[in-house]
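What's in final_19.cif: mmCIF, C-alpha atoms
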```
data_input
#
loop_
_atom_site.label_atom_id
_atom_site.label_comp_id
_atom_site.auth_asym_id
_atom_site.auth_seq_id
_atom_site.Cartn_x
_atom_site.Cartn_y
_atom_site.Cartn_z
CA MET A 6 -4.66 -3.05 -44.50
CA ARG A 7 -7.42 -2.92 -41.93
CA GLN A 8 -6.14 -6.15 -40.37
CA PHE A 9 -2.65 -4.67 -40.14
CA ALA A 10 -4.01 -1.51 -38.50
CA ALA A 11 -6.02 -3.55 -36.03
CA GLY A 12 -2.98 -5.66 -35.19
CA LEU A 13 -0.83 -2.58 -34.72
CA ALA A 14 -3.42 -1.02 -32.39
CA LEU A 15 -3.54 -4.21 -30.32
CA ALA A 16 0.25 -4.32 -30.08
CA LEU A 17 0.39 -0.71 -28.96
CA ALA A 18 -2.26 -1.43 -26.32
CA VAL A 19 -0.27 -4.35 -24.93
CA VAL A 20 3.15 -2.66 -24.84
CA PRO A 21 2.34 -0.12 -22.09
CA ALA A 22 1.11 -2.90 -19.78
CA ALA A 23 4.26 -4.94 -20.32
CA VAL A 24 6.45 -1.89 -19.79
CA LEU A 25 4.43 -1.04 -16.67
CA GLY A 26 5.22 -4.43 -15.14
CA GLN A 27 8.91 -4.23 -16.01
CA ALA A 28 9.38 -0.67 -14.76
CA TYR A 29 7.50 -1.12 -11.47
CA PRO A 30 8.46 -0.06 -8.86
CA THR A 31 10.08 3.31 -9.40
CA LYS A 32 9.42 4.79 -5.94
CA ALA A 33 8.64 3.85 -2.35
CA ILE A 34 5.90 1.32 -1.65
CA ARG A 35 3.55 1.76 1.30
CA VAL A 36 2.35 -1.37 3.09
CA VAL A 37 -0.71 -0.69 5.24
CA VAL A 38 -0.80 -2.85 8.36
CA PRO A 39 -4.28 -2.47 9.89
CA PHE A 40 -3.07 -3.25 13.42
CA SER A 41 -0.64 -1.81 15.95
CA PRO A 42 3.15 -2.28 15.68
CA GLY A 43 4.62 -5.43 17.20
CA GLY A 44 1.78 -7.82 16.46
CA THR A 45 1.70 -10.75 14.05
CA SER A 46 0.39 -8.67 11.13
CA ASP A 47 3.09 -6.07 11.68
CA ILE A 48 5.90 -8.62 11.80
CA ILE A 49 4.61 -10.30 8.64
CA GLY A 50 4.43 -6.97 6.83
CA ARG A 51 7.89 -5.83 7.96
CA THR A 52 9.50 -9.15 7.07
CA LEU A 53 8.06 -9.18 3.56
CA GLY A 54 8.62 -5.44 3.12
CA GLN A 55 12.30 -5.66 4.00
CA LYS A 56 12.83 -8.45 1.50
CA LEU A 57 10.96 -6.54 -1.23
CA SER A 58 13.09 -3.49 -0.57
CA GLU A 59 16.29 -5.53 -0.78
CA ALA A 60 15.19 -7.15 -4.04
CA TRP A 61 13.88 -4.04 -5.80
CA GLY A 62 16.07 -1.29 -4.38
CA GLN A 63 13.11 0.84 -3.35
CA PRO A 64 11.97 1.76 0.18
CA VAL A 65 9.04 -0.23 1.55
CA ILE A 66 7.37 1.73 4.32
CA MET A 67 5.06 0.25 6.96
CA ASP A 68 1.94 2.31 7.68
CA ASN A 69 0.26 1.01 10.86
CA ARG A 70 -3.39 2.11 10.88
CA ALA A 71 -5.07 0.31 13.77
CA GLY A 72 -8.76 0.75 14.49
CA VAL A 73 -12.16 -0.93 14.19
CA ALA A 74 -10.63 -4.42 14.38
CA GLY A 75 -8.48 -3.77 11.32
CA SER A 76 -11.17 -2.13 9.20
CA LEU A 77 -9.71 1.38 9.40
CA GLY A 78 -6.46 0.39 7.69
CA ALA A 79 -8.23 -1.85 5.21
CA ALA A 80 -10.50 1.01 4.16
CA ILE A 81 -7.49 3.30 3.66
CA ALA A 82 -5.84 0.72 1.41
CA ALA A 83 -9.06 0.09 -0.53
CA LYS A 84 -9.42 3.81 -1.33
CA SER A 85 -5.81 4.26 -2.45
CA PRO A 86 -4.83 4.58 -6.13
CA PRO A 87 -4.48 1.16 -7.81
CA ASP A 88 -0.91 1.78 -8.92
CA GLY A 89 0.99 -0.80 -6.87
CA TYR A 90 2.38 1.72 -4.40
CA THR A 91 -0.13 0.94 -1.64
CA LEU A 92 -0.48 -2.66 -0.47
CA LEU A 93 -2.39 -4.20 2.43
CA VAL A 94 -1.48 -6.95 4.87
CA GLY A 95 -5.03 -8.26 5.11
CA ASN A 96 -6.10 -11.05 7.40
CA VAL A 97 -9.23 -13.01 8.14
CA GLY A 98 -10.66 -10.26 10.40
CA PRO A 99 -10.88 -7.19 8.15
CA ILE A 100 -11.21 -9.24 4.96
CA ALA A 101 -13.66 -12.02 5.87
CA VAL A 102 -15.30 -11.12 9.19
CA ASN A 103 -15.72 -7.40 9.77
CA ASN A 104 -18.34 -6.79 7.08
CA GLN A 105 -20.54 -9.18 9.06
CA ILE A 106 -19.86 -7.46 12.40
CA TYR A 107 -19.95 -3.74 11.63
CA LYS A 108 -22.72 -1.83 9.87
CA SER A 109 -20.20 0.08 7.79
CA VAL A 110 -16.50 -0.60 7.36
CA GLY A 111 -16.01 1.59 4.29
CA TYR A 112 -15.26 -1.18 1.80
CA ASP A 113 -16.57 -4.39 0.25
CA SER A 114 -14.13 -7.26 0.79
CA LEU A 115 -15.14 -8.99 -2.44
CA LYS A 116 -15.09 -5.92 -4.68
CA ASP A 117 -12.61 -3.37 -3.34
CA PHE A 118 -9.35 -5.37 -3.24
CA THR A 119 -7.06 -7.08 -5.71
CA PRO A 120 -5.77 -10.40 -4.30
CA ILE A 121 -2.00 -10.84 -4.75
CA THR A 122 -0.95 -13.87 -2.70
CA LEU A 123 -1.78 -15.77 0.44
CA ALA A 124 1.20 -15.29 2.76
CA VAL A 125 0.62 -17.03 6.08
CA THR A 126 -1.71 -19.54 7.67
CA ALA A 127 -1.83 -20.32 11.38
CA PRO A 128 -3.79 -22.47 13.79
CA GLN A 129 -4.80 -21.20 17.18
CA ILE A 130 -3.73 -22.95 20.34
CA VAL A 131 -6.12 -23.83 23.16
CA VAL A 132 -4.56 -23.01 26.52
CA VAL A 133 -5.81 -23.18 30.10
CA HIS A 134 -4.65 -21.89 33.45
CA PRO A 135 -2.83 -24.66 35.40
CA SER A 136 -5.60 -24.60 38.01
CA VAL A 137 -8.06 -26.04 35.50
CA PRO A 138 -8.06 -29.78 36.35
CA VAL A 139 -7.35 -31.15 32.87
CA LYS A 140 -4.24 -32.21 31.01
CA THR A 141 -5.70 -33.05 27.61
CA PHE A 142 -8.33 -31.57 25.35
CA ARG A 143 -10.46 -34.71 25.76
CA GLU A 144 -10.49 -34.09 29.49
CA PHE A 145 -11.32 -30.43 28.89
CA ASN A 146 -14.20 -31.41 26.63
CA ALA A 147 -15.58 -33.68 29.35
CA LEU A 148 -15.17 -30.90 31.94
CA VAL A 149 -17.10 -28.40 29.82
CA LYS A 150 -19.92 -30.90 29.30
CA LYS A 151 -20.06 -31.66 33.01
CA HIS A 152 -20.05 -27.99 34.08
CA SER A 153 -22.07 -26.46 31.28
CA GLY A 154 -21.98 -22.66 31.31
CA LYS A 155 -19.53 -22.46 34.21
CA ILE A 156 -16.19 -22.63 32.37
CA ASN A 157 -15.29 -19.17 31.05
CA TYR A 158 -13.23 -18.24 28.01
CA GLY A 159 -11.55 -14.97 27.08
CA SER A 160 -11.59 -13.32 23.68
CA SER A 161 -10.79 -10.04 21.95
CA GLY A 162 -14.50 -9.31 21.64
CA PRO A 163 -17.41 -10.05 19.29
CA GLY A 164 -16.25 -11.23 15.88
CA SER A 165 -12.63 -11.84 16.90
CA ILE A 166 -11.11 -15.14 15.85
CA SER A 167 -10.57 -16.08 19.49
CA MET A 168 -14.30 -15.64 20.09
CA LEU A 169 -15.40 -17.33 16.86
CA SER A 170 -13.18 -20.35 17.58
CA ALA A 171 -14.67 -20.81 21.04
CA GLU A 172 -18.19 -20.33 19.74
CA LEU A 173 -17.62 -22.81 16.91
CA TYR A 174 -16.39 -25.29 19.52
CA LYS A 175 -19.56 -24.71 21.56
CA ARG A 176 -21.82 -25.22 18.55
CA THR A 177 -19.93 -28.29 17.33
CA THR A 178 -20.00 -29.99 20.73
CA LYS A 179 -23.40 -28.61 21.81
CA THR A 180 -21.85 -27.32 25.04
CA ASP A 181 -21.81 -23.93 26.72
CA MET A 182 -19.10 -21.65 28.14
CA LEU A 183 -19.21 -18.14 29.55
CA HIS A 184 -17.74 -15.46 27.28
CA VAL A 185 -15.47 -12.82 28.85
CA PRO A 186 -14.49 -10.16 26.24
CA PHE A 187 -11.33 -8.05 26.46
CA LYS A 188 -10.10 -5.05 24.48
CA ALA A 189 -6.72 -6.57 23.58
CA SER A 190 -5.07 -9.99 23.38
CA ALA A 191 -2.40 -8.91 25.88
CA LEU A 192 -5.12 -8.31 28.47
CA ILE A 193 -6.56 -11.77 27.86
CA THR A 194 -3.18 -13.35 28.51
CA ILE A 195 -2.72 -11.35 31.72
CA ALA A 196 -6.14 -12.49 32.95
CA LEU A 197 -5.43 -16.11 32.03
CA LEU A 198 -2.07 -16.05 33.81
CA ALA A 199 -3.84 -14.66 36.89
CA GLY A 200 -6.44 -17.41 36.79
CA GLU A 201 -9.27 -14.93 36.22
CA ILE A 202 -10.41 -16.88 33.16
CA ASP A 203 -10.15 -20.60 32.44
CA VAL A 204 -9.36 -21.01 28.76
CA VAL A 205 -8.41 -19.10 25.61
CA PHE A 206 -8.38 -20.05 21.94
CA SER A 207 -5.34 -17.90 21.23
CA ASP A 208 -2.89 -16.89 18.54
CA MET A 209 0.22 -19.02 19.00
CA ALA A 210 2.70 -16.17 19.34
CA VAL A 211 0.82 -14.53 22.22
CA VAL A 212 0.83 -17.46 24.64
CA LEU A 213 3.54 -19.84 23.46
CA PRO A 214 6.30 -18.35 25.68
CA HIS A 215 4.06 -18.89 28.72
CA VAL A 216 3.33 -22.47 27.65
CA GLN A 217 7.04 -23.16 27.24
CA ALA A 218 7.72 -21.66 30.68
CA GLY A 219 5.04 -23.84 32.28
CA ARG A 220 2.81 -20.92 33.29
CA LEU A 221 -0.01 -22.08 30.99
CA ARG A 222 -1.04 -25.52 29.77
CA ALA A 223 -1.58 -26.20 26.08
CA LEU A 224 -4.29 -28.70 25.19
CA ALA A 225 -4.63 -28.68 21.40
CA VAL A 226 -4.32 -26.68 18.20
CA THR A 227 -7.28 -25.69 16.04
CA GLY A 228 -5.69 -26.30 12.64
CA PRO A 229 -5.91 -29.38 10.40
CA LYS A 230 -2.54 -30.72 11.57
CA PRO A 231 -0.30 -30.61 14.69
CA THR A 232 2.35 -27.91 15.07
CA PRO A 233 6.07 -28.66 15.45
CA LEU A 234 6.31 -25.74 17.89
CA VAL A 235 4.62 -27.87 20.56
CA PRO A 236 5.66 -31.48 19.83
CA GLY A 237 3.02 -34.05 20.67
CA LEU A 238 0.18 -31.55 20.93
CA PRO A 239 -2.84 -32.91 19.01
CA THR A 240 -5.49 -31.04 17.05
CA VAL A 241 -8.95 -30.37 18.44
CA ALA A 242 -10.33 -32.64 15.72
CA GLU A 243 -8.10 -35.49 16.92
CA SER A 244 -9.24 -34.90 20.49
CA GLY A 245 -12.91 -35.74 20.36
CA VAL A 246 -14.30 -32.98 18.11
CA PRO A 247 -14.20 -34.46 14.59
CA GLY A 248 -14.21 -31.94 11.74
CA PHE A 249 -13.29 -28.94 13.91
CA VAL A 250 -10.87 -26.62 12.10
CA MET A 251 -10.29 -22.91 12.64
CA THR A 252 -7.30 -21.36 10.92
CA SER A 253 -6.20 -17.75 10.79
CA TRP A 254 -4.61 -16.43 7.61
CA TRP A 255 -2.89 -13.36 6.19
CA GLY A 256 -2.52 -12.29 2.58
CA MET A 257 -1.23 -9.40 0.48
CA PHE A 258 -3.79 -7.29 -1.32
CA GLY A 259 -3.90 -4.14 -3.42
CA PRO A 260 -6.79 -1.80 -4.20
CA ALA A 261 -9.30 -2.99 -6.78
CA GLY A 262 -8.17 -2.42 -10.35
CA LEU A 263 -4.48 -3.11 -9.78
CA PRO A 264 -2.96 -3.69 -13.26
CA GLN A 265 -2.28 -7.33 -14.05
CA PRO A 266 1.45 -6.85 -14.84
CA ILE A 267 1.97 -5.36 -11.36
CA VAL A 268 -0.08 -8.14 -9.73
CA THR A 269 2.06 -10.72 -11.54
CA ARG A 270 5.32 -9.03 -10.56
CA LEU A 271 4.29 -8.77 -6.91
CA ASN A 272 3.04 -12.35 -6.77
CA THR A 273 6.22 -13.69 -8.34
CA GLU A 274 8.50 -11.80 -5.97
CA LEU A 275 6.47 -12.45 -2.83
CA THR A 276 6.27 -16.15 -3.67
CA ARG A 277 10.06 -16.25 -3.93
CA ILE A 278 10.43 -14.41 -0.62
CA LEU A 279 7.94 -16.63 1.20
CA ARG A 280 9.98 -19.68 0.20
CA LEU A 281 13.23 -18.33 1.66
CA ALA A 282 14.52 -20.38 4.60
CA ASP A 283 15.11 -17.36 6.85
CA VAL A 284 11.61 -16.01 6.22
CA GLN A 285 10.05 -19.37 7.00
CA LYS A 286 12.13 -19.57 10.19
CA THR A 287 11.02 -16.08 11.27
CA PHE A 288 7.39 -16.97 10.71
CA ALA A 289 7.76 -20.31 12.49
CA THR A 290 8.81 -18.49 15.67
CA LEU A 291 5.42 -16.73 15.51
CA GLY A 292 3.62 -20.04 15.24
CA VAL A 293 2.58 -19.38 11.65
CA ASP A 294 3.37 -21.10 8.36
CA ALA A 295 4.61 -19.29 5.26
CA THR A 296 2.19 -20.07 2.45
CA THR A 297 1.85 -19.05 -1.18
CA SER A 298 -0.92 -18.93 -3.77
CA THR A 299 -1.78 -17.47 -7.12
CA PRO A 300 -3.90 -14.29 -7.10
CA GLU A 301 -6.79 -16.37 -8.45
CA GLU A 302 -6.47 -18.93 -5.66
CA LEU A 303 -6.48 -16.20 -3.00
CA GLY A 304 -9.52 -14.59 -4.61
CA ALA A 305 -11.40 -17.90 -4.61
CA PHE A 306 -10.35 -18.54 -1.00
CA VAL A 307 -11.68 -15.17 0.16
CA LYS A 308 -14.96 -15.81 -1.66
CA SER A 309 -15.33 -19.04 0.30
CA GLU A 310 -14.30 -17.54 3.67
CA VAL A 311 -16.75 -14.61 3.63
CA PRO A 312 -19.93 -16.73 3.52
CA ARG A 313 -18.41 -19.24 5.92
CA TYR A 314 -17.96 -16.62 8.61
CA ALA A 315 -21.23 -14.91 7.74
CA LYS A 316 -23.05 -18.17 8.48
CA LEU A 317 -21.20 -18.72 11.77
CA ILE A 318 -21.80 -15.15 12.92
CA GLU A 319 -25.49 -15.44 12.05
CA GLN A 320 -25.74 -18.71 14.00
CA ILE A 321 -24.03 -17.16 17.02
CA GLY A 322 -26.36 -14.17 16.81
CA ILE A 323 -23.77 -11.38 16.99
CA PRO A 324 -25.61 -8.06 16.35
CA LYS A 325 -23.99 -5.57 14.00
CA GLN A 326 -22.27 -2.71 15.77
#
```

Take the structure in the file and give it back as structure tokens.
Amino acid sequence: MRQFAAGLALALAVVPAAVLGQAYPTKAIRVVVPFSPGGTSDIIGRTLGQKLSEAWGQPVIMDNRAGVAGSLGAAIAAKSPPDGYTLLVGNVGPIAVNNQIYKSVGYDSLKDFTPITLAVTAPQIVVVHPSVPVKTFREFNALVKKHSGKINYGSSGPGSISMLSAELYKRTTKTDMLHVPFKASALITIALLAGEIDVVFSDMAVVLPHVQAGRLRALAVTGPKPTPLVPGLPTVAESGVPGFVMTSWWGMFGPAGLPQPIVTRLNTELTRILRLADVQKTFATLGVDATTSTPEELGAFVKSEVPRYAKLIEQIGIPKQ
């Protein structure tokens, strides 16, 4: 009798969770994008949100909360109820880097989020102003070594991926370049087009139109493989810097404590969406690759990325702001 009662209690405990996963969602879902409208994070969020809305018949609303390099929006998402109705488009900055850069961001990347799926990975592209007398990354590498400390690079500021990529290059090659920080990636591109700076390790979408128009010269990509968006363009690792890889990434997260049935439902649907041909085409135009993972794989990936960037930031000597 006691065994029957125990079994019945267990069954009753499991039923609500199963029902929860089947019933979800029953109202609008908010997707927090921790950056301004129009950027890569925003386009990723809107693309996935539209497909979720079409599949589930519920509104999916974008909530752009830019500030503190993405930490403001991430903190809002982390403090939201873990009910599946607030999600976060989190990327390498607010998830893996910002805790190392800012004294307080209002959340712990490893404790305050529920990983759902990796969504996008993307290399950066190394571009120079046409006045820089190089046509390949090998030639650029030789130029930097010859004129140590005189070649300048632009970035979005301390801790940004553009800055970390350039600094990793410097450390790997034991060379030096002058850092010129900007407040926004658009301003970096304007300065590069004007010849005010020499080189940028940039997001693909920001500079690719200028490369295609011949206004900037692409030298290499920072990922583990070439990109079909610029045929024939090698990786940095293939161009005289063995082992160099710097890849940006974006994933979908919920607040900590998100029920497993909801995590499973979201992962299953987002995985399906990320494999759609039109979604992959949209992302390809941004210079990014649609990617999928299990929640466990994303969690393990984040746990490896946080110490990786912590070590790099410590080596560079970036003081906490």

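You can rank A:Phe249, A:His134, A:Met182, A:Gln129 by their closest distance to Ile195 of chain A using all atoms listed in the file, and at the top of that list sits A:His134.
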
Legend entry - Polymer residues at most 12 Å from Ser170 of chain A, only C-alpha atoms, same-chain spacing of 6 or more positions, as JSON, numbers by chain: {"A": [128, 129, 130, 131, 158, 159, 160, 161, 162, 163, 164, 176, 177, 184, 204, 205, 206, 207, 208, 226, 227, 228, 241, 249, 250, 251, 252, 253, 314, 317, 318, 321]}

Inset, instruction - In the coordinates of the file, take the point (-1.6, 0.8, -2.8) and a cut-off of 9 Å; then, counting all atoms listed in the file, name each qualifying protein, DNA or RNA residue as a list of chain:residue names. - result: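 Those residues lying close to the given coordinates are A:Ile34, A:Arg35, A:Val36, A:Val37, A:Ala82, A:Ala83, A:Lys84, A:Ser85, A:Pro86, A:Pro87, A:Asp88, A:Gly89, A:Tyr90, A:Thr91, A:Leu92, A:Leu93, A:Phe258, A:Gly259, A:Pro260, A:Leu263.
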
Legend entry - Spatial neighbours of Leu275 of chain A, max dist 9 Å, all atoms listed in the file, sep filter under 6 positions, as JSON, numbers by chain: {"A": [53, 56, 57, 121, 122, 124, 257, 297]}

With C-alpha atoms retained, write the just-selected residues as a CSV table (one decimal), in the frame of the given file.
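again-v1.csv, freshly written:
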```csv
chain,number,residue,atom,x,y,z
A,53,LEU,CA,8.1,-9.2,3.6
A,56,LYS,CA,12.8,-8.4,1.5
A,57,LEU,CA,11.0,-6.5,-1.2
A,121,ILE,CA,-2.0,-10.8,-4.8
A,122,THR,CA,-1.0,-13.9,-2.7
A,124,ALA,CA,1.2,-15.3,2.8
A,257,MET,CA,-1.2,-9.4,0.5
A,297,THR,CA,1.8,-19.0,-1.2
```

Legend entry - Atomic distance atom CA of Arg280 of chain A - atom CA of Phe40 of chain A, expressed in Å with one decimal: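 Distance between the two atoms: 24.8 Å.
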
Inset, instruction - List, as a list in words, every residue that the PyMOL selection byres ((chain A and resi 289) around 12) selects in the file provided. - result: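 In the shown coordinates, the PyMOL selection byres ((chain A and resi 289) around 12) covers Thr45, Ile48, Ile49, Val125, Thr126, Ala127, Pro128, Met209, Ala210, Leu213, Thr232, Pro233, Leu234, Val235, Leu279, Ala282, Asp283, Val284, Gln285, Lys286, Thr287, Phe288, Thr290, Leu291, Gly292, Val293, Asp294, Ala295 and Thr296 of chain A.
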
Once you've located segment 162-184 of chain A in the structure I gave, write it as a PDB file, in the first residue's frame, keeping N, CA and C atoms.
```pdb
ATOM      1  N   GLY A 162      36.183  49.506 -27.651  1.00  0.00           N
ATOM      2  CA  GLY A 162      36.579  49.819 -26.289  1.00  0.00           C
ATOM      3  C   GLY A 162      37.062  48.602 -25.518  1.00  0.00           C
ATOM      4  N   PRO A 163      37.554  48.820 -24.300  1.00  0.00           N
ATOM      5  CA  PRO A 163      38.091  47.737 -23.470  1.00  0.00           C
ATOM      6  C   PRO A 163      37.093  46.596 -23.274  1.00  0.00           C
ATOM      7  N   GLY A 164      37.543  45.375 -23.556  1.00  0.00           N
ATOM      8  CA  GLY A 164      36.689  44.215 -23.366  1.00  0.00           C
ATOM      9  C   GLY A 164      35.842  43.840 -24.559  1.00  0.00           C
ATOM     10  N   SER A 165      35.776  44.714 -25.574  1.00  0.00           N
ATOM     11  CA  SER A 165      35.003  44.381 -26.775  1.00  0.00           C
ATOM     12  C   SER A 165      35.725  43.289 -27.552  1.00  0.00           C
ATOM     13  N   ILE A 166      34.974  42.528 -28.327  1.00  0.00           N
ATOM     14  CA  ILE A 166      35.585  41.445 -29.091  1.00  0.00           C
ATOM     15  C   ILE A 166      36.579  41.982 -30.103  1.00  0.00           C
ATOM     16  N   SER A 167      36.294  43.157 -30.673  1.00  0.00           N
ATOM     17  CA  SER A 167      37.237  43.745 -31.629  1.00  0.00           C
ATOM     18  C   SER A 167      38.571  44.046 -30.952  1.00  0.00           C
ATOM     19  N   MET A 168      38.510  44.504 -29.699  1.00  0.00           N
ATOM     20  CA  MET A 168      39.736  44.791 -28.963  1.00  0.00           C
ATOM     21  C   MET A 168      40.444  43.503 -28.520  1.00  0.00           C
ATOM     22  N   LEU A 169      39.671  42.535 -28.029  1.00  0.00           N
ATOM     23  CA  LEU A 169      40.259  41.290 -27.554  1.00  0.00           C
ATOM     24  C   LEU A 169      40.912  40.514 -28.693  1.00  0.00           C
ATOM     25  N   SER A 170      40.305  40.559 -29.892  1.00  0.00           N
ATOM     26  CA  SER A 170      40.892  39.878 -31.043  1.00  0.00           C
ATOM     27  C   SER A 170      42.250  40.486 -31.395  1.00  0.00           C
ATOM     28  N   ALA A 171      42.301  41.809 -31.443  1.00  0.00           N
ATOM     29  CA  ALA A 171      43.558  42.483 -31.775  1.00  0.00           C
ATOM     30  C   ALA A 171      44.619  42.231 -30.708  1.00  0.00           C
ATOM     31  N   GLU A 172      44.203  42.245 -29.455  1.00  0.00           N
ATOM     32  CA  GLU A 172      45.151  42.016 -28.374  1.00  0.00           C
ATOM     33  C   GLU A 172      45.634  40.572 -28.343  1.00  0.00           C
ATOM     34  N   LEU A 173      44.750  39.625 -28.673  1.00  0.00           N
ATOM     35  CA  LEU A 173      45.178  38.228 -28.763  1.00  0.00           C
ATOM     36  C   LEU A 173      46.183  38.071 -29.898  1.00  0.00           C
ATOM     37  N   TYR A 174      45.933  38.762 -31.012  1.00  0.00           N
ATOM     38  CA  TYR A 174      46.892  38.735 -32.124  1.00  0.00           C
ATOM     39  C   TYR A 174      48.252  39.263 -31.658  1.00  0.00           C
ATOM     40  N   LYS A 175      48.247  40.379 -30.942  1.00  0.00           N
ATOM     41  CA  LYS A 175      49.497  40.965 -30.455  1.00  0.00           C
ATOM     42  C   LYS A 175      50.247  39.987 -29.549  1.00  0.00           C
ATOM     43  N   ARG A 176      49.536  39.351 -28.644  1.00  0.00           N
ATOM     44  CA  ARG A 176      50.170  38.436 -27.699  1.00  0.00           C
ATOM     45  C   ARG A 176      50.685  37.182 -28.416  1.00  0.00           C
ATOM     46  N   THR A 177      49.904  36.693 -29.372  1.00  0.00           N
ATOM     47  CA  THR A 177      50.293  35.481 -30.084  1.00  0.00           C
ATOM     48  C   THR A 177      51.537  35.710 -30.932  1.00  0.00           C
ATOM     49  N   THR A 178      51.618  36.881 -31.550  1.00  0.00           N
ATOM     50  CA  THR A 178      52.729  37.182 -32.457  1.00  0.00           C
ATOM     51  C   THR A 178      53.858  37.966 -31.787  1.00  0.00           C
ATOM     52  N   LYS A 179      53.642  38.340 -30.511  1.00  0.00           N
ATOM     53  CA  LYS A 179      54.627  39.145 -29.774  1.00  0.00           C
ATOM     54  C   LYS A 179      54.964  40.444 -30.525  1.00  0.00           C
ATOM     55  N   THR A 180      53.900  41.080 -31.013  1.00  0.00           N
ATOM     56  CA  THR A 180      54.038  42.363 -31.710  1.00  0.00           C
ATOM     57  C   THR A 180      53.277  43.431 -30.929  1.00  0.00           C
ATOM     58  N   ASP A 181      53.278  44.640 -31.449  1.00  0.00           N
ATOM     59  CA  ASP A 181      52.575  45.727 -30.776  1.00  0.00           C
ATOM     60  C   ASP A 181      51.848  46.581 -31.797  1.00  0.00           C
ATOM     61  N   MET A 182      50.641  47.054 -31.426  1.00  0.00           N
ATOM     62  CA  MET A 182      49.885  48.010 -32.228  1.00  0.00           C
ATOM     63  C   MET A 182      49.275  49.022 -31.272  1.00  0.00           C
ATOM     64  N   LEU A 183      48.954  50.180 -31.795  1.00  0.00           N
ATOM     65  CA  LEU A 183      48.345  51.236 -30.992  1.00  0.00           C
ATOM     66  C   LEU A 183      46.833  51.075 -30.985  1.00  0.00           C
ATOM     67  N   HIS A 184      46.235  51.085 -29.798  1.00  0.00           N
ATOM     68  CA  HIS A 184      44.797  50.902 -29.656  1.00  0.00           C
ATOM     69  C   HIS A 184      44.076  52.249 -29.703  1.00  0.00           C
TER      70      HIS A 184
END
```
